[in-house]
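*Asks:* Have a look at the structure that comes next, please.
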Protein chains: 4
Amino acid sequence: MTKKIRVGVNGYGVIGKRVADAVRIQPDMELIGVSDVLCDYRIALAVGNGISLYASTREASAEMAAAGIPVTAMLPDLLDAVDVIVDCTPAHIGADNLARYRDQGVKAIFQGGEKHALTGHSFVAQANYAAAVGRDSTRVVSCNTTSTVRTLTALKNAGVLAKARGVLIRRATDPWESDHSGIMNTIVPERRIPSHQGPDAQSVDPDLDVVTMAAKGAHTQNHLHYWVVELARSVTRDDVLAALRECSRIAFVRESDGVVAPNSTIELMRDLGRPRGDMYEVALWEDILTVNGTELYYSYTVDNQAIVIPENIDAIRAVTGTIVDAAESIRLTDAALGVRRNFLAEPRKARTESGTPTS
Amino acid sequence: MTKKIRVGVNGYGVIGKRVADAVRIQPDMELIGVSDVLCDYRIALAVGNGISLYASTREASAEMAAAGIPVTAMLPDLLDAVDVIVDCTPAHIGADNLARYRDQGVKAIFQGGEKHALTGHSFVAQANYAAAVGRDSTRVVSCNTTSTVRTLTALKNAGVLAKARGVLIRRATDPWESDHSGIMNTIVPERRIPSHQGPDAQSVDPDLDVVTMAAKGAHTQNHLHYWVVELARSVTRDDVLAALRECSRIAFVRESDGVVAPNSTIELMRDLGRPRGDMYEVALWEDILTVNGTELYYSYTVDNQAIVIPENIDAIRAVTGTIVDAAESIRLTDAALGVRRNFLAEPRKARTESGTPTS
Amino acid sequence: MTKKIRVGVNGYGVIGKRVADAVRIQPDMELIGVSDVLCDYRIALAVGNGISLYASTREASAEMAAAGIPVTAMLPDLLDAVDVIVDCTPAHIGADNLARYRDQGVKAIFQGGEKHALTGHSFVAQANYAAAVGRDSTRVVSCNTTSTVRTLTALKNAGVLAKARGVLIRRATDPWESDHSGIMNTIVPERRIPSHQGPDAQSVDPDLDVVTMAAKGAHTQNHLHYWVVELARSVTRDDVLAALRECSRIAFVRESDGVVAPNSTIELMRDLGRPRGDMYEVALWEDILTVNGTELYYSYTVDNQAIVIPENIDAIRAVTGTIVDAAESIRLTDAALGVRRNFLAEPRKARTESGTPTS
Amino acid sequence: MTKKIRVGVNGYGVIGKRVADAVRIQPDMELIGVSDVLCDYRIALAVGNGISLYASTREASAEMAAAGIPVTAMLPDLLDAVDVIVDCTPAHIGADNLARYRDQGVKAIFQGGEKHALTGHSFVAQANYAAAVGRDSTRVVSCNTTSTVRTLTALKNAGVLAKARGVLIRRATDPWESDHSGIMNTIVPERRIPSHQGPDAQSVDPDLDVVTMAAKGAHTQNHLHYWVVELARSVTRDDVLAALRECSRIAFVRESDGVVAPNSTIELMRDLGRPRGDMYEVALWEDILTVNGTELYYSYTVDNQAIVIPENIDAIRAVTGTIVDAAESIRLTDAALGVRRNFLAEPRKARTESGTPTS
């Protein structure tokens with residue numbers, strides 16, 4: 001095997017830790033280390049898990065040492081040692097980081113909390129991988145936008161998409177959060193219509209005619225999207241399903257199988273043995289999708305913690321130019337992560353081989 | 001004053017108790033009594049509040065007596081004494097009751113849990129009051145449908161409505177429920193698209209081109225609706241606002257006033273001194289409503305416990321034929337209940353005049 | 001009637017607005033005005049409700065004017081015009097305010113968010129009203145502590161209290177809050193055992209042997225307390241109930257009446273016609289309370305928004321010295337607010353007499 | 001290796017599927033199959049996961065066949081093929097099953113939803129393994145009781161336990177449930193004090209002086225317990241910690257590490273790579289535990305879905321008599337499941353080896 005891509009992760013939070021773990025199981029990548037400023041249980045587990053920890057600031061380094069957490073070196077040292085850094089710092093911090101990355105000649109991948117203008121390129125593998133090849137940086141769009149682009153691109157590729165109007169009910173905060181971030185017994189509409197996800201999808205594909213409205217719901221995991229799509233021509237329901245099946249990262253679920261809500265998919269992922277119960281796919285209800293004349297209606301749920309992980313992996317290959325063909329990278333990523341179009345059909349391996357720690 | 005309409009209420013639950021209180025403060029109505037089968041704290045309070053209690057069954061009568069709750073008589077006795085009965089029994093029970101009501105020559109009003117076919121007429125005051133005048137029965141549609149018909153009728157009356165597509169995030173259960181009815185940390189899509197509310201709105205006005213999709217959110221009070229409306233012609237945002245203002249039961253709220261979510265409106269109703277914190281109006285976000293070309297987007301919230309109360313009151317006048325003009329009944333109802341288009345501008349009336357049953 | 005006590009309220013939030021409304025219906029008090037820094041819907045409603053609004057800062061005054069909200073004058077002007085100010089500003093701000101109040105010779109009442117040391121006196125009417133008479137200031141303890149002192153004082157007065165150990169499951173945030181304050185799908189223990197409520201109860205009565213542990217539950221209204229009490233001597237369950245009945249602000253509820261959880265009491269208060277659905281009483285489950293040997297176990301629920309309102313009213317009379325007898329003030333307050341020992345037995349009064357501000 | 005214990009699981013729900021997976025990774029056990037009556041996604045995944053599926057009824061068999069799920073045989077066939085059956089059917093159904101198991105000469109293990117009288121023995125490995133050796137059946141007590149017995153037995157074994165009073169805030173429903181089982185925005189006390197968990201603990205160890213009170217909280221995963229323990233003698237905090245450390249299935253967590261609530265432990269388990277995010281240990285807050293004179297206060301959280309899994313595994317060895325020494329079985333079970341006293345100290349294996357499906 002040729003030399004592996006050396007990858008660093010800056011920010012070991014909800015996204016960062018998943019990117020780090022995903023990098024570790026890619027055949028063509030090596031995780032050099034992660035950098036952070038905190039020293040709580042999550043950082044302690046990273047170290048326990050064999051990950052090299054770097055400190056993003058002098059203060060953090062001192063605190064980590066005081067907490068008995070072994071620090072390999074500082075963030076600039078990590079940047080020295082990698083080909084590409086995946087920036088998973090909180091929203092809007094990445095902007096300051098880009099200059100540092102460029103100074104040290106490191107390719108950089110940002111998350112959806114940053115603005116499109118930061119890198120000038122917003123990434124969804126299936127839609128515009130080629131345009132990211134060889135760039136010094138790109139931005140993986142947010143979980144909501146990623147799911148929007150995946151589904152609408154599938155319809156567009158089949159020539160059936162005229163325009164799409166979506167209502168996005170987002171999870172209100174992350175499941176690990178314990179205070180000062182949640183909403184309780186209400187649903188909070190965003191302050192403006194249209195919401196930002198529509199224009200954000202257009203930052204990936206300017207040709208999409210898409211408008212979104214969004215609210216935060218009183219649950220902590222998974223978004224639920226409803227879409228009204230005007231079809232470009234009269235097609236059957238089977239035509240639409242076939243179009244969506246072309247995308248390897250859309251999985252059909254069925255209400256008739258007992259998958260009746262976002263929390264069903266969380267249980268399903270746990271039963272599948274997915275790490276952290278993560279779902280990389282858009283889970284779209286096959287038996288709820290409806291075509292009525294030239295209108296199409298459907299609903300799907302998105303694991304806001306995991307859906308962008310495959311895109312980050314693909315983006316690593318794109319910016320480093322190690323693979324120039326989108327399909328090839330997607331195939332590699334999907335195989336490594338176990339991405340599938342149908343959660344129930346394919347046999348899971350015995351858990352002693354694949355899903356459970358054994359001594 | 002002429003003779004008051006004698007009203008009975010069958011079923012003293014979430015809707016029934018509100019209808020009973022609303023009847024008591026109408027200048028042209030008299031509450032003869034309520035009938036139920038339970039004898040918990042809610043029934044005890046009805047009696048404490050000076051309402052005559054009837055038992056719907058022999059068993060209930062015995063239990064009420066055993067619990068020390070004074071029972072006036074049985075349901076047939078109540079029917080004997082009234083001009084009209086408002087049936088607020090649980091969904092699908094009303095169907096059996098209609099025959100009894102007809103047998104005793106009593107006009108009847110049902111709720112949205114019953115099917116349209118039961119009475120052959122589905123009622124929203126502003127849309128089709130006239131058609132209910134003198135009927136032996138009608139059905140006040142559900143909270144979601146009532147709000148849909150109010151808003152779409154306002155747009156239709158102004159000649160700007162082409163078609164409407166809505167996503168309805170419903171409250172999952174009533175706030176008083178303590179077990180075995182809630183959803184937790186999820187959002188549950190309805191099993192079918194389109195959901196039943198669209199056709200239900202068409203049972204009131206067959207000309208409406210309306211499709212709905214619905215889910216249950218993890219909160220206990222108020223629905224949140226999002227709408228995408230195709231306008232019949234190019235109009236300004238002010239034109240749309242003016243059209244909506246024509247309906248006396250749509251109130252504008254503003255995110256800039258701090259009314260940012262359904263629970264804001266609950267707090268607002270409490271501060272207004274509304275009985276039980278009830279909101280009879282559709283609370284539509286004025287500063288979120290957007291017109292883009294010939295598309296209109298807006299969001300509003302609906303108090304699922306209270307929005308149908310004014311419609312029930314109007315339906316009483318319609319079926320008894322005491323008032324034949326919709327506008328006249330609506331004016332009377334709105335004045336008695338304190339319905340308003342703007343929650344902040346008008347001074348609050350003393351509660352004895354407008355908002356509270358007194359004995 | 002003699003001259004009324006002139007009262008001001010500084011801070012028109014969850015507690016402030018309730019104190020203001022409660023002052024307005026006391027026979028011996030006059031609300032001169034409220035002062036605040038915000039200008040959202042709640043302030044607009046205060047003005048619409050006929051309350052004179054003062055601005056706490058120059059900036060606030062300008063913003064209110066810009067928002068079209070009529071401002072009477074500034075906070076110092078309010079202080080000039082009152083005998084006593086009830087400080088309902090957010091926790092820890094009151095400390096800075098006390099000097100201002102003293103400078104202007106105004107008696108002051110603070111809330112439980114402030115420390116005991118601020119005024120040197122912590123107040124629960126039933127426990128230590130006399131000690132507050134004529135003081136320049138006192139502090140009404142928090143909702144949790146108020147309920148603790150009410151119940152334990154009743155047991156102490158009957159000579160049956162040896163020691164009490166409590167577990168307090170608090171509501172996580174206020175129901176009007178829409179963001180960044182809630183917890184979701186978890187329960188969050190306080191960082192230390194014992195929690196602060198035990199010592200806080202001792203700041204009212206140093207003789208209480210009380211230890212508390214506390215957590216935040218995933219609900220927005222009402223606390224739930226569990227207590228294990230070691231009795232000073234062997235007594236019957238009826239003795240304990242009789243002891244608790246001596247306190248006019250403890251109301252018994254029964255699971256057998258359908259009052260099965262805190263949200264049942266919220267529904268009950270709404271049905272009672274209480275303003276804002278407020279419950280001033282500790283609602284203690286009579287049929288769950290158990291005596292086993294010399295151990296007593298019971299559970300009650302506390303409306304965190306309302307329980308301290310009667311105490312604030314009594315504290316006004318105490319510090320101004322207008323009534324020196326605790327029982328007399330408590331009787332006056334309870335009559336005006338409609339406080340009762342039994343929610344179901346007594347007929348509801350007309351709301352203009354007992355429960356609602358009128359203009 | 002000697003012949004493996006042949007195990008069947010009747011009921012493939014929340015507990016059953018975990019027992020099945022745990023059996024599969026024990027060195028001395030073999031999972032022959034599972035039996036159920038449903039055919040939803042969970043059953044489909046079991047089959048996909050290589051588990052032999054039996055039908056518990058003729059109707060179920062037909063439905064499974066219709067759904068395309070391969071059925072190995074019927075429940076009696078499964079019983080024919082196993083040494084021991086773990087009954088994980090819904091509460092109170094097991095009672096009818098015991099006769100069937102006895103008829104076929106199969107040892108049986110029931111769950112805490114059944115009454116103690118069913119088998120006459122209630123099991124917690126650390127407390128009374130020996131008494132179960134060779135019995136024809138036993139009952140693994142519920143999640144709440146298991147945690148109670150583990151902690152109190154540790155204190156008893158160290159000779160420091162006099163009596164214990166606990167308040168148990170339970171999760172309200174399971175996370176996969178999507179309807180008709182949850183509570184919303186409230187906390188629901190049990191109908192009686194004391195609650196059943198105290199007597200249930202005494203069914204394992206009659207010498208425990210334990211009283212419990214319980215409520216359901218508005219969250220879906222993990223219970224939170226608070227305990228007030230009267231110590232048998234004056235001991236230090238370190239003595240107490242040492243006593244608790246003697247139990248291999250109690251793990252200390254620390255608020256200072258950021259483990260601040262039950263949902264922190266869920267995130268922690270996911271980060272540890274535990275299957276389904278399961279926590280088999282009682283997670284007790286080391287830095288919140290307090291000793292004050294002869295009183296001890298502490299709090300811990302319990303994964304209601306997983307804590308009984310190690311006990312079920314041990315119970316299999318006990319009733320089959322394959323291992324007669326409790327410590328030996330506990331060691332085997334803990335090693336296979338990765339049970340640990342400290343979640344942060346021990347290194348996790350690289351996930352490619354142990355925690356992630358790879359292709």
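As shown in the structure tokens, the chain order sets the letters A, B, ...; within each chain, residues go from 1, and ligands are also counted from 1 in the order they appear.
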Within 12 Å of chain C, which residues of chain A show up when using only C-alpha atoms, listed as a PyMOL selection string?

*Replies:* chain A and resi 171-190+215-221

*Asks:* Restricting it to C-alpha atoms, dump the selection as a PDB file, in the first residue's frame.

*Replies:*
```pdb
ATOM      1  CA  ARG A 171     -33.078  18.479  17.308  1.00  0.00           C
ATOM      2  CA  ALA A 172     -32.674  21.213  19.911  1.00  0.00           C
ATOM      3  CA  THR A 173     -29.368  20.302  21.457  1.00  0.00           C
ATOM      4  CA  ASP A 174     -26.927  17.381  21.558  1.00  0.00           C
ATOM      5  CA  PRO A 175     -27.731  14.386  23.764  1.00  0.00           C
ATOM      6  CA  TRP A 176     -24.642  14.814  25.949  1.00  0.00           C
ATOM      7  CA  GLU A 177     -25.556  18.386  26.936  1.00  0.00           C
ATOM      8  CA  SER A 178     -26.768  18.670  30.497  1.00  0.00           C
ATOM      9  CA  ASP A 179     -27.532  22.300  30.957  1.00  0.00           C
ATOM     10  CA  HIS A 180     -28.186  25.714  29.525  1.00  0.00           C
ATOM     11  CA  SER A 181     -28.737  24.648  25.988  1.00  0.00           C
ATOM     12  CA  GLY A 182     -32.060  22.898  25.765  1.00  0.00           C
ATOM     13  CA  ILE A 183     -35.624  23.859  25.028  1.00  0.00           C
ATOM     14  CA  MET A 184     -38.395  22.341  27.108  1.00  0.00           C
ATOM     15  CA  ASN A 185     -41.967  21.521  26.239  1.00  0.00           C
ATOM     16  CA  THR A 186     -42.116  23.814  23.239  1.00  0.00           C
ATOM     17  CA  ILE A 187     -41.017  24.041  19.620  1.00  0.00           C
ATOM     18  CA  VAL A 188     -39.061  27.097  18.562  1.00  0.00           C
ATOM     19  CA  PRO A 189     -39.380  28.444  15.017  1.00  0.00           C
ATOM     20  CA  GLU A 190     -36.344  30.117  13.491  1.00  0.00           C
ATOM     21  CA  ALA A 215     -37.793  25.017  13.885  1.00  0.00           C
ATOM     22  CA  LYS A 216     -36.170  23.380  16.869  1.00  0.00           C
ATOM     23  CA  GLY A 217     -38.151  20.487  18.357  1.00  0.00           C
ATOM     24  CA  ALA A 218     -38.057  19.273  21.950  1.00  0.00           C
ATOM     25  CA  HIS A 219     -35.848  16.276  21.339  1.00  0.00           C
ATOM     26  CA  THR A 220     -32.101  15.786  21.449  1.00  0.00           C
ATOM     27  CA  GLN A 221     -31.252  13.603  18.532  1.00  0.00           C
TER      28      GLN A 221
END
```

*Asks:* Working over all C-alpha atoms in order, superimpose chain B onto chain A by least squares and state the RMSD in Å.

*Replies:* 1.5 Å

*Asks:* Would you compute the distance between atom CA of A:Met213 and atom CA of A:Ile193? Give it in Å to one decimal.

*Replies:*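 Atom-to-atom, atom CA of A:Met213 to atom CA of A:Ile193, that is 5.7 Å.
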
*Asks:* Tell me, as a PyMOL selection string, which residues lie within 9 Å of stretch 138-142 of chain C, counting only C-alpha atoms; anything in the same chain fewer than 5 positions away does not count.

*Replies:* chain C and resi 107-116+118-125+132+147+197+200-201+204+304+307-308+311-312+315+319

*Asks:* For those residues, write C-alpha atoms to a file as a JSON list (two decimals), in the first residue's frame.

*Replies:*
```json
[["chain", "number", "residue", "atom", "x", "y", "z"],
["C", 107, "LYS", "CA", -38.07, 49.37, 53.17],
["C", 108, "ALA", "CA", -36.98, 46.49, 51.00],
["C", 109, "ILE", "CA", -37.94, 42.89, 50.42],
["C", 110, "PHE", "CA", -35.64, 40.55, 48.51],
["C", 111, "GLN", "CA", -36.07, 37.12, 47.02],
["C", 112, "GLY", "CA", -34.37, 33.79, 47.66],
["C", 113, "GLY", "CA", -31.76, 34.32, 44.97],
["C", 114, "GLU", "CA", -30.01, 36.71, 47.34],
["C", 115, "LYS", "CA", -27.93, 35.52, 50.27],
["C", 116, "HIS", "CA", -29.23, 35.54, 53.83],
["C", 118, "LEU", "CA", -27.74, 40.64, 52.58],
["C", 119, "THR", "CA", -30.54, 41.53, 54.96],
["C", 120, "GLY", "CA", -29.69, 39.33, 57.94],
["C", 121, "HIS", "CA", -33.26, 38.03, 58.01],
["C", 122, "SER", "CA", -34.88, 35.29, 55.96],
["C", 123, "PHE", "CA", -38.64, 35.17, 55.98],
["C", 124, "VAL", "CA", -41.41, 32.58, 56.00],
["C", 125, "ALA", "CA", -44.59, 34.08, 57.39],
["C", 132, "ALA", "CA", -39.31, 40.91, 60.57],
["C", 147, "SER", "CA", -42.25, 24.77, 51.22],
["C", 197, "GLN", "CA", -31.91, 24.28, 50.69],
["C", 200, "ASP", "CA", -31.34, 27.90, 53.78],
["C", 201, "ALA", "CA", -34.25, 26.56, 55.84],
["C", 204, "VAL", "CA", -35.21, 30.92, 58.84],
["C", 304, "ASN", "CA", -42.17, 27.44, 41.93],
["C", 307, "ILE", "CA", -45.61, 29.80, 46.38],
["C", 308, "VAL", "CA", -43.61, 32.81, 47.55],
["C", 311, "GLU", "CA", -44.93, 35.41, 51.76],
["C", 312, "ASN", "CA", -43.99, 38.56, 49.86],
["C", 315, "ALA", "CA", -43.36, 40.54, 54.38],
["C", 319, "VAL", "CA", -41.35, 45.39, 57.45]]
```

*Asks:* Excluding stretch 29-33 of chain A and residues on its chain fewer than 2 positions from it, collect all residues at most 7 Å away from it, counting only C-alpha atoms, and give them as a PyMOL selection string.

*Replies:* chain A and resi 4-9+20+23-24+26-27+35+51-54+78+82

*Asks:* Would you pick out the contacts of C:Thr212 at 8 Å or less, using only C-alpha atoms, so that residues sharing its chain but fewer than 3 positions from it are not included, and give the list as a PDB file with N, CA and C atoms, in the first residue's frame?

*Replies:*
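Contents of the output file around.pdb:
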```pdb
ATOM      1  N   ARG C 165     -35.031  14.561  56.275  1.00  0.00           N
ATOM      2  CA  ARG C 165     -34.113  14.417  55.144  1.00  0.00           C
ATOM      3  C   ARG C 165     -34.939  14.461  53.870  1.00  0.00           C
ATOM      4  N   GLY C 166     -34.599  15.375  52.987  1.00  0.00           N
ATOM      5  CA  GLY C 166     -35.426  15.583  51.802  1.00  0.00           C
ATOM      6  C   GLY C 166     -34.685  15.411  50.488  1.00  0.00           C
ATOM      7  N   VAL C 167     -35.387  14.894  49.494  1.00  0.00           N
ATOM      8  CA  VAL C 167     -34.876  14.862  48.118  1.00  0.00           C
ATOM      9  C   VAL C 167     -35.794  15.728  47.286  1.00  0.00           C
ATOM     10  N   LEU C 168     -35.211  16.736  46.633  1.00  0.00           N
ATOM     11  CA  LEU C 168     -35.981  17.768  45.947  1.00  0.00           C
ATOM     12  C   LEU C 168     -35.725  17.654  44.452  1.00  0.00           C
ATOM     13  N   ILE C 193     -23.753  17.393  47.733  1.00  0.00           N
ATOM     14  CA  ILE C 193     -24.675  16.934  48.771  1.00  0.00           C
ATOM     15  C   ILE C 193     -24.033  17.324  50.097  1.00  0.00           C
ATOM     16  N   PRO C 194     -24.736  17.931  51.026  1.00  0.00           N
ATOM     17  CA  PRO C 194     -26.135  18.346  50.914  1.00  0.00           C
ATOM     18  C   PRO C 194     -26.275  19.553  49.987  1.00  0.00           C
ATOM     19  N   SER C 195     -27.498  19.732  49.470  1.00  0.00           N
ATOM     20  CA  SER C 195     -27.778  20.913  48.660  1.00  0.00           C
ATOM     21  C   SER C 195     -28.059  22.109  49.577  1.00  0.00           C
ATOM     22  N   HIS C 196     -28.155  23.296  48.998  1.00  0.00           N
ATOM     23  CA  HIS C 196     -28.209  24.528  49.803  1.00  0.00           C
ATOM     24  C   HIS C 196     -29.543  24.729  50.520  1.00  0.00           C
ATOM     25  N   GLN C 197     -30.585  23.979  50.128  1.00  0.00           N
ATOM     26  CA  GLN C 197     -31.908  24.284  50.689  1.00  0.00           C
ATOM     27  C   GLN C 197     -32.000  23.983  52.187  1.00  0.00           C
ATOM     28  N   GLY C 198     -31.274  22.932  52.643  1.00  0.00           N
ATOM     29  CA  GLY C 198     -31.286  22.626  54.072  1.00  0.00           C
ATOM     30  C   GLY C 198     -30.758  23.793  54.900  1.00  0.00           C
TER      31      GLY C 198
END
```

*Asks:* Pick out the closest residue to A:Arg237 from this set: A:Tyr101, A:Tyr297, A:Phe252, A:Tyr280. Count only C-alpha atoms.

*Replies:*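 Ranking A:Tyr101, A:Tyr297, A:Phe252, A:Tyr280 by distance to A:Arg237, first place goes to A:Tyr297.
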